[in-house]
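**Student:** Have a peek at model_19.txt (compact mmCIF, N, CA and C atoms).
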```txt
# COMPACT_ATOMS: atom_id res chain seq x y z
N MET A 272 -43.00 5.58 -34.23
CA MET A 272 -42.73 4.45 -35.08
C MET A 272 -42.73 3.17 -34.23
N GLU A 273 -43.43 2.15 -34.73
CA GLU A 273 -43.52 0.88 -34.01
C GLU A 273 -42.24 0.09 -34.11
N SER A 274 -41.94 -0.64 -33.06
CA SER A 274 -40.78 -1.54 -33.09
C SER A 274 -41.11 -2.72 -33.99
N PRO A 275 -40.10 -3.22 -34.70
CA PRO A 275 -40.36 -4.40 -35.53
C PRO A 275 -40.67 -5.61 -34.66
N SER A 276 -41.50 -6.49 -35.19
CA SER A 276 -41.84 -7.71 -34.48
C SER A 276 -40.63 -8.65 -34.48
N PRO A 277 -40.63 -9.65 -33.61
CA PRO A 277 -39.52 -10.62 -33.62
C PRO A 277 -39.34 -11.29 -34.99
N ASP A 278 -40.45 -11.57 -35.67
CA ASP A 278 -40.35 -12.18 -37.00
C ASP A 278 -39.69 -11.22 -38.00
N GLU A 279 -40.04 -9.94 -37.90
CA GLU A 279 -39.44 -8.94 -38.79
C GLU A 279 -37.95 -8.79 -38.50
N LYS A 280 -37.58 -8.83 -37.22
CA LYS A 280 -36.16 -8.75 -36.85
C LYS A 280 -35.40 -9.97 -37.38
N ASP A 281 -36.00 -11.14 -37.26
CA ASP A 281 -35.36 -12.36 -37.78
C ASP A 281 -35.17 -12.27 -39.29
N GLU A 282 -36.17 -11.79 -39.98
CA GLU A 282 -36.08 -11.67 -41.44
C GLU A 282 -35.01 -10.65 -41.83
N GLN A 283 -34.95 -9.54 -41.11
CA GLN A 283 -33.91 -8.54 -41.41
C GLN A 283 -32.52 -9.13 -41.17
N MET A 284 -32.35 -9.88 -40.10
CA MET A 284 -31.06 -10.50 -39.82
C MET A 284 -30.71 -11.51 -40.91
N ARG A 285 -31.68 -12.29 -41.35
CA ARG A 285 -31.43 -13.27 -42.42
C ARG A 285 -30.96 -12.55 -43.69
N GLN A 286 -31.63 -11.46 -44.04
CA GLN A 286 -31.25 -10.69 -45.22
C GLN A 286 -29.86 -10.08 -45.04
N ASP A 287 -29.56 -9.59 -43.85
CA ASP A 287 -28.25 -9.00 -43.59
C ASP A 287 -27.14 -10.05 -43.70
N VAL A 288 -27.40 -11.25 -43.20
CA VAL A 288 -26.41 -12.33 -43.29
C VAL A 288 -26.17 -12.69 -44.76
N GLU A 289 -27.23 -12.79 -45.55
CA GLU A 289 -27.08 -13.08 -46.98
C GLU A 289 -26.27 -11.98 -47.68
N THR A 290 -26.57 -10.74 -47.34
CA THR A 290 -25.84 -9.61 -47.92
C THR A 290 -24.37 -9.67 -47.54
N ALA A 291 -24.09 -9.94 -46.27
CA ALA A 291 -22.70 -10.03 -45.79
C ALA A 291 -21.95 -11.16 -46.50
N GLN A 292 -22.60 -12.28 -46.69
CA GLN A 292 -21.97 -13.40 -47.39
C GLN A 292 -21.67 -13.05 -48.84
N ARG A 293 -22.62 -12.39 -49.50
CA ARG A 293 -22.43 -11.98 -50.89
C ARG A 293 -21.26 -10.97 -51.01
N LEU A 294 -21.22 -10.01 -50.10
CA LEU A 294 -20.14 -9.02 -50.12
C LEU A 294 -18.79 -9.68 -49.86
N SER A 295 -18.75 -10.63 -48.95
CA SER A 295 -17.49 -11.31 -48.63
C SER A 295 -16.99 -12.15 -49.81
N ARG A 296 -17.90 -12.72 -50.56
CA ARG A 296 -17.48 -13.48 -51.75
C ARG A 296 -16.82 -12.55 -52.78
N LYS A 297 -17.35 -11.34 -52.91
CA LYS A 297 -16.80 -10.37 -53.86
C LYS A 297 -15.52 -9.71 -53.34
N HIS A 298 -15.45 -9.53 -52.03
CA HIS A 298 -14.33 -8.83 -51.40
C HIS A 298 -13.74 -9.76 -50.34
N SER A 299 -12.96 -10.70 -50.79
CA SER A 299 -12.54 -11.81 -49.93
C SER A 299 -11.54 -11.43 -48.83
N ASN A 300 -11.09 -10.19 -48.81
CA ASN A 300 -10.21 -9.75 -47.71
C ASN A 300 -10.96 -9.70 -46.38
N TYR A 301 -12.29 -9.65 -46.45
CA TYR A 301 -13.10 -9.47 -45.26
C TYR A 301 -14.11 -10.61 -45.13
N PRO A 302 -14.17 -11.25 -43.97
CA PRO A 302 -15.14 -12.33 -43.77
C PRO A 302 -16.57 -11.79 -43.66
N PRO A 303 -17.55 -12.65 -43.84
CA PRO A 303 -18.95 -12.20 -43.72
C PRO A 303 -19.25 -11.51 -42.40
N LEU A 304 -18.65 -11.98 -41.32
CA LEU A 304 -18.90 -11.36 -40.01
C LEU A 304 -18.50 -9.88 -40.00
N ALA A 305 -17.42 -9.54 -40.70
CA ALA A 305 -16.99 -8.14 -40.76
C ALA A 305 -18.04 -7.29 -41.46
N PHE A 306 -18.54 -7.77 -42.60
CA PHE A 306 -19.57 -7.02 -43.30
C PHE A 306 -20.86 -6.95 -42.49
N LEU A 307 -21.20 -8.03 -41.82
CA LEU A 307 -22.42 -8.04 -41.01
C LEU A 307 -22.31 -7.03 -39.87
N TYR A 308 -21.17 -7.03 -39.19
CA TYR A 308 -20.97 -6.09 -38.08
C TYR A 308 -21.03 -4.65 -38.58
N LEU A 309 -20.36 -4.38 -39.68
CA LEU A 309 -20.35 -3.03 -40.24
C LEU A 309 -21.75 -2.62 -40.69
N LEU A 310 -22.44 -3.49 -41.38
CA LEU A 310 -23.79 -3.19 -41.86
C LEU A 310 -24.73 -2.86 -40.70
N ARG A 311 -24.71 -3.68 -39.67
CA ARG A 311 -25.58 -3.45 -38.51
C ARG A 311 -25.18 -2.16 -37.79
N SER A 312 -23.88 -1.90 -37.66
CA SER A 312 -23.41 -0.68 -37.00
C SER A 312 -23.82 0.56 -37.78
N LEU A 313 -23.69 0.51 -39.10
CA LEU A 313 -24.08 1.66 -39.92
C LEU A 313 -25.58 1.91 -39.85
N ARG A 314 -26.35 0.86 -39.88
CA ARG A 314 -27.81 1.03 -39.78
C ARG A 314 -28.19 1.66 -38.44
N ASP A 315 -27.56 1.18 -37.36
CA ASP A 315 -27.84 1.77 -36.04
C ASP A 315 -27.44 3.23 -36.02
N MET A 316 -26.28 3.53 -36.59
CA MET A 316 -25.78 4.91 -36.61
C MET A 316 -26.73 5.82 -37.38
N LEU A 317 -27.15 5.36 -38.54
CA LEU A 317 -28.02 6.18 -39.38
C LEU A 317 -29.42 6.32 -38.79
N SER A 318 -29.87 5.33 -38.04
CA SER A 318 -31.19 5.42 -37.43
C SER A 318 -31.24 6.49 -36.34
N GLN A 319 -30.09 6.85 -35.81
CA GLN A 319 -30.02 7.88 -34.77
C GLN A 319 -29.84 9.28 -35.35
N LYS A 320 -29.61 9.36 -36.65
CA LYS A 320 -29.42 10.66 -37.30
C LYS A 320 -30.76 11.16 -37.83
N LYS A 321 -30.80 12.46 -38.08
CA LYS A 321 -31.97 13.03 -38.74
C LYS A 321 -32.00 12.50 -40.17
N GLU A 322 -33.21 12.43 -40.71
CA GLU A 322 -33.36 11.90 -42.07
C GLU A 322 -32.48 12.67 -43.05
N ALA A 323 -31.79 11.93 -43.89
CA ALA A 323 -30.92 12.47 -44.95
C ALA A 323 -29.71 13.22 -44.41
N GLU A 324 -29.40 13.07 -43.13
CA GLU A 324 -28.21 13.72 -42.58
C GLU A 324 -26.98 12.95 -43.04
N HIS A 325 -26.01 13.66 -43.55
CA HIS A 325 -24.79 13.05 -44.08
C HIS A 325 -23.84 12.67 -42.95
N VAL A 326 -23.17 11.55 -43.10
CA VAL A 326 -22.11 11.17 -42.15
C VAL A 326 -20.81 11.04 -42.92
N THR A 327 -19.73 11.43 -42.28
CA THR A 327 -18.43 11.41 -42.93
C THR A 327 -17.72 10.08 -42.67
N GLY A 328 -16.68 9.84 -43.43
CA GLY A 328 -15.85 8.66 -43.20
C GLY A 328 -15.26 8.67 -41.81
N ARG A 329 -14.83 9.82 -41.35
CA ARG A 329 -14.28 9.94 -40.00
C ARG A 329 -15.32 9.57 -38.94
N GLU A 330 -16.55 10.07 -39.10
CA GLU A 330 -17.62 9.74 -38.15
C GLU A 330 -17.89 8.24 -38.12
N ILE A 331 -17.87 7.62 -39.28
CA ILE A 331 -18.09 6.18 -39.36
C ILE A 331 -16.98 5.44 -38.61
N CYS A 332 -15.73 5.83 -38.84
CA CYS A 332 -14.60 5.19 -38.17
C CYS A 332 -14.69 5.34 -36.66
N LEU A 333 -15.05 6.53 -36.19
CA LEU A 333 -15.14 6.77 -34.75
C LEU A 333 -16.30 5.98 -34.13
N THR A 334 -17.41 5.90 -34.84
CA THR A 334 -18.54 5.11 -34.36
C THR A 334 -18.18 3.64 -34.29
N LEU A 335 -17.50 3.13 -35.31
CA LEU A 335 -17.10 1.72 -35.30
C LEU A 335 -16.11 1.43 -34.17
N ARG A 336 -15.21 2.37 -33.93
CA ARG A 336 -14.29 2.20 -32.80
C ARG A 336 -15.07 2.10 -31.49
N ASP A 337 -16.01 3.02 -31.30
CA ASP A 337 -16.81 3.02 -30.07
C ASP A 337 -17.63 1.74 -29.94
N ASN A 338 -18.22 1.29 -31.05
CA ASN A 338 -19.02 0.06 -31.02
C ASN A 338 -18.16 -1.16 -30.68
N LEU A 339 -17.00 -1.25 -31.30
CA LEU A 339 -16.11 -2.38 -31.02
C LEU A 339 -15.65 -2.36 -29.57
N GLN A 340 -15.33 -1.18 -29.06
CA GLN A 340 -14.93 -1.08 -27.65
C GLN A 340 -16.08 -1.48 -26.73
N ARG A 341 -17.28 -1.03 -27.04
CA ARG A 341 -18.45 -1.35 -26.23
C ARG A 341 -18.73 -2.86 -26.26
N ASP A 342 -18.66 -3.44 -27.45
CA ASP A 342 -19.04 -4.84 -27.61
C ASP A 342 -17.96 -5.83 -27.20
N PHE A 343 -16.68 -5.43 -27.33
CA PHE A 343 -15.60 -6.39 -27.12
C PHE A 343 -14.54 -5.95 -26.11
N ALA A 344 -14.67 -4.75 -25.57
CA ALA A 344 -13.75 -4.23 -24.55
C ALA A 344 -12.30 -4.36 -25.01
N PHE A 345 -11.44 -4.91 -24.15
CA PHE A 345 -10.02 -4.96 -24.49
C PHE A 345 -9.71 -5.98 -25.57
N LEU A 346 -10.68 -6.78 -25.98
CA LEU A 346 -10.48 -7.71 -27.09
C LEU A 346 -10.76 -7.06 -28.45
N ALA A 347 -11.20 -5.81 -28.46
CA ALA A 347 -11.56 -5.12 -29.69
C ALA A 347 -10.47 -5.16 -30.77
N PRO A 348 -9.18 -4.92 -30.45
CA PRO A 348 -8.19 -4.97 -31.53
C PRO A 348 -8.06 -6.38 -32.10
N ASP A 349 -8.17 -7.40 -31.27
CA ASP A 349 -8.10 -8.78 -31.78
C ASP A 349 -9.30 -9.11 -32.66
N VAL A 350 -10.47 -8.67 -32.23
CA VAL A 350 -11.68 -8.90 -33.02
C VAL A 350 -11.57 -8.18 -34.35
N ALA A 351 -11.12 -6.92 -34.32
CA ALA A 351 -10.97 -6.16 -35.56
C ALA A 351 -10.01 -6.87 -36.51
N CYS A 352 -8.88 -7.30 -36.00
CA CYS A 352 -7.90 -7.98 -36.86
C CYS A 352 -8.44 -9.31 -37.39
N SER A 353 -9.23 -10.02 -36.58
CA SER A 353 -9.81 -11.28 -37.05
C SER A 353 -10.82 -11.04 -38.17
N MET A 354 -11.34 -9.81 -38.23
CA MET A 354 -12.27 -9.45 -39.31
C MET A 354 -11.55 -8.81 -40.50
N GLY A 355 -10.22 -8.81 -40.47
CA GLY A 355 -9.46 -8.23 -41.57
C GLY A 355 -9.32 -6.72 -41.49
N ILE A 356 -9.64 -6.15 -40.34
CA ILE A 356 -9.55 -4.70 -40.14
C ILE A 356 -8.19 -4.40 -39.51
N TRP A 357 -7.27 -3.94 -40.31
CA TRP A 357 -5.92 -3.63 -39.83
C TRP A 357 -5.70 -2.14 -39.70
N GLU A 358 -6.51 -1.38 -40.44
CA GLU A 358 -6.40 0.09 -40.42
C GLU A 358 -7.76 0.67 -40.76
N THR A 359 -7.95 1.94 -40.49
CA THR A 359 -9.26 2.54 -40.73
C THR A 359 -9.63 2.56 -42.21
N ALA A 360 -8.65 2.51 -43.09
CA ALA A 360 -8.94 2.44 -44.52
C ALA A 360 -9.75 1.18 -44.85
N ASP A 361 -9.58 0.11 -44.05
CA ASP A 361 -10.38 -1.10 -44.27
C ASP A 361 -11.87 -0.83 -44.08
N PHE A 362 -12.22 0.02 -43.11
CA PHE A 362 -13.62 0.41 -42.96
C PHE A 362 -14.12 1.06 -44.24
N GLY A 363 -13.31 1.96 -44.78
CA GLY A 363 -13.68 2.65 -46.01
C GLY A 363 -13.87 1.70 -47.17
N LYS A 364 -12.96 0.74 -47.33
CA LYS A 364 -13.09 -0.23 -48.42
C LYS A 364 -14.38 -1.02 -48.30
N MET A 365 -14.73 -1.37 -47.07
CA MET A 365 -15.97 -2.12 -46.85
C MET A 365 -17.20 -1.25 -47.09
N VAL A 366 -17.16 0.00 -46.64
CA VAL A 366 -18.28 0.91 -46.87
C VAL A 366 -18.49 1.11 -48.36
N TYR A 367 -17.40 1.32 -49.10
CA TYR A 367 -17.53 1.54 -50.54
C TYR A 367 -17.99 0.28 -51.26
N ALA A 368 -17.67 -0.90 -50.73
CA ALA A 368 -18.21 -2.14 -51.30
C ALA A 368 -19.73 -2.16 -51.11
N MET A 369 -20.20 -1.68 -49.96
CA MET A 369 -21.64 -1.62 -49.71
C MET A 369 -22.31 -0.57 -50.59
N VAL A 370 -21.60 0.52 -50.85
CA VAL A 370 -22.13 1.55 -51.75
C VAL A 370 -22.29 0.96 -53.15
N GLU A 371 -21.28 0.20 -53.61
CA GLU A 371 -21.36 -0.45 -54.92
C GLU A 371 -22.57 -1.38 -55.02
N GLU A 372 -22.94 -1.99 -53.90
CA GLU A 372 -24.10 -2.90 -53.86
C GLU A 372 -25.42 -2.13 -53.77
N GLY A 373 -25.35 -0.82 -53.60
CA GLY A 373 -26.57 -0.02 -53.50
C GLY A 373 -27.17 0.03 -52.10
N LEU A 374 -26.40 -0.40 -51.10
CA LEU A 374 -26.92 -0.40 -49.73
C LEU A 374 -26.87 0.99 -49.10
N PHE A 375 -25.89 1.78 -49.50
CA PHE A 375 -25.70 3.13 -48.99
C PHE A 375 -25.31 4.01 -50.16
N SER A 376 -25.29 5.31 -49.93
CA SER A 376 -24.88 6.24 -50.99
C SER A 376 -23.83 7.19 -50.45
N THR A 377 -23.16 7.87 -51.36
CA THR A 377 -22.14 8.85 -51.00
C THR A 377 -22.48 10.19 -51.64
N SER A 378 -21.82 11.22 -51.16
CA SER A 378 -21.96 12.53 -51.79
C SER A 378 -20.74 12.75 -52.68
N ASP A 379 -20.77 13.81 -53.46
CA ASP A 379 -19.65 14.12 -54.35
C ASP A 379 -18.37 14.43 -53.57
N GLN A 380 -18.52 14.88 -52.33
CA GLN A 380 -17.35 15.23 -51.51
C GLN A 380 -16.73 14.02 -50.82
N ASP A 381 -17.41 12.90 -50.80
CA ASP A 381 -16.90 11.71 -50.12
C ASP A 381 -15.85 11.00 -50.95
N SER A 382 -14.88 10.40 -50.25
CA SER A 382 -13.90 9.57 -50.94
C SER A 382 -13.31 8.57 -49.96
N LEU A 383 -12.67 7.57 -50.50
CA LEU A 383 -12.02 6.56 -49.68
C LEU A 383 -10.95 7.20 -48.79
N ALA A 384 -10.36 8.30 -49.25
CA ALA A 384 -9.33 8.99 -48.48
C ALA A 384 -9.85 9.48 -47.12
N ASP A 385 -11.17 9.68 -47.00
CA ASP A 385 -11.75 10.13 -45.74
C ASP A 385 -11.56 9.11 -44.61
N PHE A 386 -11.27 7.87 -44.98
CA PHE A 386 -11.13 6.79 -44.00
C PHE A 386 -9.67 6.49 -43.63
N ILE A 387 -8.74 7.11 -44.33
CA ILE A 387 -7.33 6.76 -44.16
C ILE A 387 -6.76 7.44 -42.91
N ASN A 388 -6.09 6.63 -42.07
CA ASN A 388 -5.38 7.12 -40.88
C ASN A 388 -6.23 7.96 -39.93
N VAL A 389 -7.47 7.57 -39.74
CA VAL A 389 -8.30 8.28 -38.76
C VAL A 389 -7.75 8.00 -37.36
N TYR A 390 -7.31 6.78 -37.14
CA TYR A 390 -6.62 6.40 -35.90
C TYR A 390 -5.88 5.10 -36.17
N LEU A 391 -4.98 4.75 -35.27
CA LEU A 391 -4.27 3.48 -35.36
C LEU A 391 -5.07 2.45 -34.57
N ILE A 392 -5.34 1.33 -35.18
CA ILE A 392 -6.23 0.33 -34.58
C ILE A 392 -5.80 -0.08 -33.17
N PRO A 393 -4.59 -0.57 -32.94
CA PRO A 393 -4.26 -1.03 -31.59
C PRO A 393 -4.35 0.08 -30.53
N GLU A 394 -3.80 1.24 -30.85
CA GLU A 394 -3.80 2.32 -29.87
C GLU A 394 -5.21 2.82 -29.56
N ALA A 395 -6.04 2.93 -30.58
CA ALA A 395 -7.39 3.45 -30.38
C ALA A 395 -8.22 2.55 -29.48
N PHE A 396 -8.01 1.26 -29.58
CA PHE A 396 -8.81 0.33 -28.80
C PHE A 396 -8.23 0.08 -27.42
N LEU A 397 -6.94 0.15 -27.28
CA LEU A 397 -6.33 -0.16 -25.99
C LEU A 397 -6.17 1.04 -25.09
N LEU A 398 -6.15 2.23 -25.64
CA LEU A 398 -5.93 3.44 -24.85
C LEU A 398 -6.88 3.56 -23.66
N PRO A 399 -8.17 3.31 -23.80
CA PRO A 399 -9.05 3.46 -22.63
C PRO A 399 -8.71 2.50 -21.49
N PHE A 400 -8.01 1.42 -21.78
CA PHE A 400 -7.71 0.42 -20.75
C PHE A 400 -6.30 0.56 -20.18
N ARG A 401 -5.44 1.29 -20.86
CA ARG A 401 -4.04 1.33 -20.50
C ARG A 401 -3.78 1.89 -19.11
N ASP A 402 -4.34 3.04 -18.79
CA ASP A 402 -3.98 3.73 -17.56
C ASP A 402 -5.10 3.80 -16.54
N SER A 403 -6.16 3.08 -16.75
CA SER A 403 -7.29 3.15 -15.85
C SER A 403 -7.16 2.12 -14.72
N PRO A 404 -6.86 2.56 -13.50
CA PRO A 404 -6.72 1.60 -12.39
C PRO A 404 -8.01 0.81 -12.15
N SER A 405 -9.15 1.41 -12.42
CA SER A 405 -10.41 0.70 -12.19
C SER A 405 -10.61 -0.43 -13.18
N ARG A 406 -9.94 -0.36 -14.32
CA ARG A 406 -10.09 -1.41 -15.33
C ARG A 406 -8.90 -2.36 -15.34
N ARG A 407 -7.89 -2.07 -14.55
CA ARG A 407 -6.69 -2.90 -14.53
C ARG A 407 -6.92 -4.09 -13.62
N HIS A 408 -6.67 -5.25 -14.11
CA HIS A 408 -6.80 -6.47 -13.31
C HIS A 408 -5.69 -6.48 -12.26
N ALA A 409 -6.00 -6.95 -11.09
CA ALA A 409 -5.03 -6.93 -9.99
C ALA A 409 -3.76 -7.69 -10.32
N ALA A 410 -3.84 -8.69 -11.19
CA ALA A 410 -2.66 -9.50 -11.50
C ALA A 410 -1.79 -8.87 -12.59
N TRP A 411 -2.31 -7.82 -13.25
CA TRP A 411 -1.53 -7.21 -14.31
C TRP A 411 -0.41 -6.37 -13.70
N PRO A 412 0.79 -6.54 -14.18
CA PRO A 412 1.88 -5.72 -13.65
C PRO A 412 1.75 -4.28 -14.12
N VAL A 413 2.16 -3.37 -13.28
CA VAL A 413 2.18 -1.96 -13.66
C VAL A 413 3.63 -1.65 -14.04
N LEU A 414 3.85 -1.34 -15.29
CA LEU A 414 5.20 -1.09 -15.76
C LEU A 414 5.49 0.41 -15.70
N GLU A 415 6.64 0.74 -15.20
CA GLU A 415 7.05 2.13 -15.17
C GLU A 415 7.50 2.54 -16.57
N ARG A 416 7.18 3.77 -16.90
CA ARG A 416 7.56 4.27 -18.24
C ARG A 416 8.84 5.04 -18.15
```
Written as structure tokens, how would this file's structure read?
**Tutor:**
Amino acid sequence: MESPSPDEKDEQMRQDVETAQRLSRKHSNYPPLAFLYLLRSLRDMLSQKKEAEHVTGREICLTLRDNLQRDFAFLAPDVACSMGIWETADFGKMVYAMVEEGLFSTSDQDSLADFINVYLIPEAFLLPFRDSPSRRHAAWPVLER
């Protein structure tokens, strides 16, 4: 499969931004950036799967956690909160908003409950940085537990 041209990528991004803005107007708890990030992450995730392979709410939450950690490192919990993501159920609400728009589909076994309490946002994002001496800044104090 050929890579899209720069013009095709620009057009896809323009369409994604319009979609994110439309979704945010309907679901005002989440800014357009949150929908845009989720939409792009889901597309990337699905492009790596076999055709018609189902993904669960848990898989989506874990992928989003990994993407946020990769893209924002120790700022991931702050970025998530700035996008209105306080708990994994927020991912589910946004995914189901996209399903309502016809961007994605669900199976009969899927439900919003699949997204509830997959992990706690602050702990999931900060855990990789907490005890790693290689990632600890020299000026950060080491607190005894």
**Student:** What gap, in Å, lies between CA of Lys297 (chain A) and CA of Phe396 (chain A)?
**Tutor:**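 For CA of Lys297 (chain A) relative to CA of Phe396 (chain A), the distance reads 28.4 Å.
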**Student:** If we count only N, CA and C atoms, what is near region 306-323 of chain A at a cut-off of 6.5 Å, once residues fewer than 3 positions away on the same chain are taken out, given as a VMD selection string?
**Tutor:** chain A and resid 287 to 288 291 301 to 303
**Student:** Measure the distance from atom N of Ser376 (chain A) to CA of Gly363 (chain A) in Å and round it to one decimal.
**Tutor:**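 Pair atom N of Ser376 (chain A) / CA of Gly363 (chain A) returns 12.5 Å.
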**Student:** Write down as a PyMOL selection string the residues belonging to chain A that are assigned alpha helix (DSSP H) by DSSP computed on the backbone.
**Tutor:** chain A and resi 277-297+303-318+328-343+347-353+359-371+392-401
**Student:** Would you mind telling me which residue in A:Ala360, A:Ile392, A:Asp385, A:Leu346 lies nearest to Glu330 (chain A) when using all atoms listed in the file?
**Tutor:**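 Going through A:Ala360, A:Ile392, A:Asp385, A:Leu346 one by one, the smallest distance to Glu330 (chain A) is for A:Asp385.
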**Student:** Got a sec: who's within 8 Å of Ile356 (chain A), counting all atoms listed in the file, leaving out chain neighbours fewer than 5 positions off, as a list in words?
**Tutor:**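 Once the nearby chain positions are removed, what remains is Asn300, Tyr301, Pro302, Ala305, Pro348, Val350, Ala351, Asp361, Phe362 and Ile392 of chain A.
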**Student:** In Å, rounded to a single decimal, give me how far atom N of Ala368 (chain A) is from CA of Leu383 (chain A).
**Tutor:**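 Between CA of Leu383 (chain A) and atom N of Ala368 (chain A) the gap is 9.4 Å.
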**Student:** List every protein, DNA or RNA residue that has at least one atom no more than 8 Å from (-8.3, 1.0, -34.5) in the file's coordinates, counting all atoms listed in the file, and write the result as a list in words.
**Tutor:** Leu335, Arg336, Ala347, Pro348, Ala351, Ile356, Trp357, Glu358, Thr359, Val389, Tyr390, Leu391, Ile392, Pro393, Glu394, Ala395, Phe396 and Leu397 of chain A
